[in-house]
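Here the structure comes first, spelled out in structure tokens, and everything after it is commentary.
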Amino acid sequence: MSESPFVQIRRDLHKIPEPGFQEVKTQRYLLDYIARLPQERMEIKTWRTGILVRLNGTNPKRTFAWRTDMDGLPIPEETTYPFRSEHEGFMHACGHDMHMAIAVGLLTHFAHHPLADNLLFVFQPAEEGPGGAQPMLESAEFAAWRPDFIFALHIAPEYPVGHIATKPGLLFANTSELFIDLVGKGGHAAFPHNANDMVVAASHLVTQLQSIVARNIDPLDSAVITVGKIEGGTKQNIIAEKARLEGTIRTFSMESMQRVKQRIESMVKGVEASFECTATIDYGCGYCQVFNEESLTEAFIDWVEQDCPDVTMICCKEAMTGEDFGYFLRDIPGFLFWLGVQTPYGLHHAKIEPNEEAIEVAIRLVSRYFTWLSAQSEAE
């Protein structure tokens, strides 16, 4: 196991996962650590439960930003860790504890070794929901320190430690939550003709929804509709008056997202007519695609392949995962890459145990990259 001091920071943060915009302990922990770093070139702002830290350069021409997410997930932990979550029902199952430890490591390095250019460290809350990137991006605090470029990473359980992966252009999908509530007429199971059964209505609707991608989306495009949860009824001999479907929509294009939603709304209207019920649709929280600025990403890939023999670069395909970092990239040039952490359990799994050796891999790589970027800036 790595002896990196930032492994302990990761473990401390792993014990205190908090939901979006409730990262109070996490924010306090980070602020206490940041306060112990050299302050000569440092400025700090808070935004809700997030943090912005700017390191002023010695001869700044540009500002480079590094973003990390902070929140945990409502998943009861099932790892073998001795430092398991102390918050019952919550855990860091998407690597945000790793992400924060890496960001703290980078901040520590550059607090002691300032660059010519400014560096902005963005500790962003609520990535898992309801979405912290867009409101943070639009905040006065962020606007005052708006960077010229912004970068981030995300752990990847499927890649070995020492491997990273990315691609120019589209990397992550557009996403939308999906909640459909059906209300009919309940009754006794022995008299179905006197009721409108919402379990049956919901079952029909789930089956219909699966035809949208197959028959309404261009086969050369990609989309996913998943209904992950169905609630309905109160007892086995009572016809259900209400049912609720909860799911997600993922598409590679906004046109397909709009088409999927149009078809869902048409099908729901059909169910209302067929089952003499009322229905409401809520798309909840949705994120725009993560689109890596192509020239920056291509230059990063070339730099890694030429100057980083200790890191293996993989040119990956786009994925149906969602990340609200896409809002930053929609407004500011930059990119996101996958960081290999080699664990058999995937993201959002209760047993995920990322390899902590990846923390130092990322800190070394990104600190070298920012140093190289700043040198390029000075040479221009």
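Following the order of the structure tokens, chains are lettered A, B, ..., residues in each are numbered from 1, and ligands are numbered from 1.
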
- Message: I need the residues in segment 8-255 of chain A that are strand (DSSP E) according to DSSP; give them as a PyMOL selection string.
- Response: chain A and resi 42-47+50-55+63-69+118-124+149-156+163-166+169-172+174-183+187-188+223-232+238-239+242-251

Prev. selection, C-alpha atoms, output as a CSV table (one decimal), in the first residue's frame:
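Okay, result_1.csv is ready:
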chain,number,residue,atom,x,y,z
A,42,MET,CA,-3.4,31.7,-1.7
A,43,GLU,CA,-6.9,33.1,-1.8
A,44,ILE,CA,-9.9,31.1,-0.5
A,45,LYS,CA,-13.7,31.5,-1.1
A,46,THR,CA,-16.6,29.3,-0.1
A,47,TRP,CA,-19.7,28.8,-2.2
A,50,GLY,CA,-18.1,24.1,-2.0
A,51,ILE,CA,-14.6,25.8,-1.9
A,52,LEU,CA,-12.6,27.8,-4.4
A,53,VAL,CA,-8.9,28.1,-3.9
A,54,ARG,CA,-6.7,30.3,-6.1
A,55,LEU,CA,-3.0,30.1,-6.1
A,63,THR,CA,-5.6,30.6,-15.1
A,64,PHE,CA,-5.8,26.9,-15.2
A,65,ALA,CA,-8.5,25.2,-13.1
A,66,TRP,CA,-8.7,21.7,-11.5
A,67,ARG,CA,-12.1,20.6,-10.4
A,68,THR,CA,-13.0,17.8,-7.9
A,69,ASP,CA,-16.4,16.7,-6.7
A,118,ASN,CA,-2.6,31.1,-11.7
A,119,LEU,CA,-4.1,27.9,-10.5
A,120,LEU,CA,-7.8,27.6,-9.4
A,121,PHE,CA,-8.9,24.5,-7.4
A,122,VAL,CA,-12.6,24.0,-7.6
A,123,PHE,CA,-14.1,21.8,-4.8
A,124,GLN,CA,-17.6,21.3,-6.2
A,149,PHE,CA,-9.0,26.3,-19.0
A,150,ILE,CA,-10.5,23.6,-16.7
A,151,PHE,CA,-9.6,20.0,-16.2
A,152,ALA,CA,-10.8,17.0,-14.1
A,153,LEU,CA,-10.5,13.2,-13.8
A,154,HIS,CA,-12.8,10.3,-12.7
A,155,ILE,CA,-11.7,7.0,-11.3
A,156,ALA,CA,-12.2,4.0,-13.6
A,163,HIS,CA,-3.3,3.7,-16.9
A,164,ILE,CA,-5.4,6.7,-17.9
A,165,ALA,CA,-8.0,6.9,-20.7
A,166,THR,CA,-9.7,9.7,-22.6
A,169,GLY,CA,-14.8,15.2,-28.3
A,170,LEU,CA,-17.7,13.4,-26.7
A,171,LEU,CA,-16.7,11.4,-23.6
A,172,PHE,CA,-19.9,11.2,-21.5
A,174,ASN,CA,-26.4,13.7,-21.9
A,175,THR,CA,-28.5,12.5,-18.9
A,176,SER,CA,-31.9,13.0,-17.4
A,177,GLU,CA,-33.7,11.5,-14.5
A,178,LEU,CA,-37.2,10.1,-15.1
A,179,PHE,CA,-40.1,10.0,-12.6
A,180,ILE,CA,-43.6,9.0,-13.7
A,181,ASP,CA,-46.5,8.9,-11.3
A,182,LEU,CA,-49.7,7.1,-12.3
A,183,VAL,CA,-53.0,7.6,-10.3
A,187,GLY,CA,-60.3,-1.4,-5.0
A,188,HIS,CA,-60.7,-5.0,-3.9
A,223,ALA,CA,-29.6,6.1,-26.3
A,224,VAL,CA,-30.6,4.2,-23.1
A,225,ILE,CA,-33.9,4.2,-21.1
A,226,THR,CA,-33.7,2.3,-17.9
A,227,VAL,CA,-36.5,2.0,-15.3
A,228,GLY,CA,-34.6,1.1,-12.2
A,229,LYS,CA,-37.4,1.2,-9.7
A,230,ILE,CA,-41.2,0.6,-9.6
A,231,GLU,CA,-43.4,1.3,-6.6
A,232,GLY,CA,-47.1,0.4,-6.5
A,238,ILE,CA,-55.8,-4.6,-3.0
A,239,ILE,CA,-55.8,-3.2,-6.5
A,242,LYS,CA,-51.0,4.5,-7.5
A,243,ALA,CA,-47.7,3.5,-9.1
A,244,ARG,CA,-44.4,5.2,-9.6
A,245,LEU,CA,-41.7,4.6,-12.1
A,246,GLU,CA,-38.2,5.9,-11.5
A,247,GLY,CA,-35.5,5.7,-14.2
A,248,THR,CA,-32.8,7.4,-16.2
A,249,ILE,CA,-32.4,8.5,-19.8
A,250,ARG,CA,-28.9,8.7,-21.5
A,251,THR,CA,-28.2,9.9,-25.0

- Selection: 8 Å around segment 361-366 of chain A, only C-alpha atoms, excl. self and same-chain fewer than 3 positions, as a ChimeraX atom specification: /A:102-103,105-106,161-162,308,339,357-358,369-370

- Item | Residues near Glu128 of chain A, cut-off 8 Å, only C-alpha atoms, skip fewer than 6 positions along chain, as a list in words |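 Everything that qualifies: Gly20, Asp71, Gly72 and Leu73 of chain A.
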
- Report the residues of segment 135-306 of chain A whose backbone DSSP state falls under helix (DSSP H, G or I), written as JSON, numbers by chain. {"A": [135, 136, 137, 140, 141, 142, 143, 144, 192, 193, 194, 198, 199, 200, 201, 202, 203, 204, 205, 206, 207, 208, 209, 210, 211, 212, 213, 214, 215, 216, 254, 255, 256, 257, 258, 259, 260, 261, 262, 263, 264, 265, 266, 267, 268, 269, 270, 271, 272, 273, 274, 275, 294, 295, 296, 297, 298, 299, 300, 301, 302, 303, 304, 305, 306]}

- Message: My list of candidates is A:Thr79, A:Ala273, A:Lys61, A:Met100. Which is closest to Tyr29 of chain A when distances are computed with only C-alpha atoms?
- Response: A:Met100

- What lies within 9 Å of Thr343 of chain A using only C-alpha atoms, ignoring chain neighbours under 6 positions off, as a VMD selection string? chain A and resid 156 to 160 352 to 355

- So which residues touch Val104 of chain A within 9 Å, counting only C-alpha atoms, skipping near sequence neighbours fewer than 6 positions away, as an MDAnalysis selection string? chainID A and resid 6 9 30 33:34 121

Would you write out those residues with N, CA and C atoms, as a compact mmCIF listing (two decimals), in the first residue's frame?
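Here's the written file result_20.txt:
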# COMPACT_ATOMS: atom_id res chain seq x y z
N PHE A 6 -1.55 11.51 1.28
CA PHE A 6 -2.89 11.81 0.78
C PHE A 6 -3.80 10.59 0.81
N ILE A 9 -5.72 11.16 3.94
CA ILE A 9 -6.77 12.16 3.68
C ILE A 9 -7.95 11.50 2.98
N LEU A 30 -11.67 19.96 4.69
CA LEU A 30 -10.82 20.51 3.65
C LEU A 30 -10.30 21.90 4.01
N TYR A 33 -7.50 21.70 6.50
CA TYR A 33 -6.24 21.29 5.89
C TYR A 33 -5.62 22.43 5.08
N ILE A 34 -6.45 23.08 4.26
CA ILE A 34 -5.96 24.16 3.40
C ILE A 34 -5.35 25.29 4.23
N PHE A 121 -8.42 25.87 -7.82
CA PHE A 121 -8.89 24.55 -7.40
C PHE A 121 -10.37 24.67 -7.03

- Message: Just to confirm, what's the straight-line distance from atom CA of Ala240 of chain A to atom CA of Pro74 of chain A in Å (one decimal)?
- Response: 27.8 Å

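With atom CA of Asp324 of chain A on one side and atom CA of Thr49 of chain A on the other, the separation reads 16.4 Å.
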
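Between atom CA of Phe325 of chain A and atom CA of Glu293 of chain A there is a distance of 12.9 Å.
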
Which residues come within 10 Å of Pro19 of chain A, counting only C-alpha atoms, excluding same-chain residues fewer than 2 positions away, as a PDB file with C-alpha atoms, in the first residue's frame?
ATOM      1  CA  PRO A  17     -19.749  10.876   2.967  1.00  0.00           C
ATOM      2  CA  PHE A  21     -25.218  20.508  -0.726  1.00  0.00           C
ATOM      3  CA  GLN A  22     -24.930  18.912   2.706  1.00  0.00           C
ATOM      4  CA  GLU A  23     -21.132  18.385   2.615  1.00  0.00           C
ATOM      5  CA  VAL A  24     -20.630  20.372   5.838  1.00  0.00           C
ATOM      6  CA  MET A  70     -17.258  16.277  -3.003  1.00  0.00           C
ATOM      7  CA  ASP A  71     -20.515  14.403  -2.326  1.00  0.00           C
ATOM      8  CA  GLY A  72     -21.272  10.803  -1.460  1.00  0.00           C
ATOM      9  CA  LEU A  73     -24.099   8.439  -2.410  1.00  0.00           C
ATOM     10  CA  PRO A  74     -27.072   6.991  -0.481  1.00  0.00           C
ATOM     11  CA  PHE A  90     -24.123   6.682   2.791  1.00  0.00           C
ATOM     12  CA  MET A  91     -20.737   5.940   1.243  1.00  0.00           C
ATOM     13  CA  HIS A  92     -18.227   7.261  -1.255  1.00  0.00           C
ATOM     14  CA  PRO A 125     -20.557  19.931  -4.213  1.00  0.00           C
ATOM     15  CA  ALA A 126     -23.579  17.933  -5.370  1.00  0.00           C
ATOM     16  CA  GLU A 127     -22.218  16.177  -8.459  1.00  0.00           C
ATOM     17  CA  GLU A 128     -24.436  13.157  -7.827  1.00  0.00           C
ATOM     18  CA  GLY A 129     -27.436  15.443  -7.500  1.00  0.00           C
ATOM     19  CA  PRO A 130     -29.151  17.800  -7.623  1.00  0.00           C
TER      20      PRO A 130
END

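Remark: for Pro5 of chain A, the closest of the candidate residues A:Asp302, A:Ala101, A:Lys235, A:Val268 is A:Ala101 (distances computed over only C-alpha atoms).
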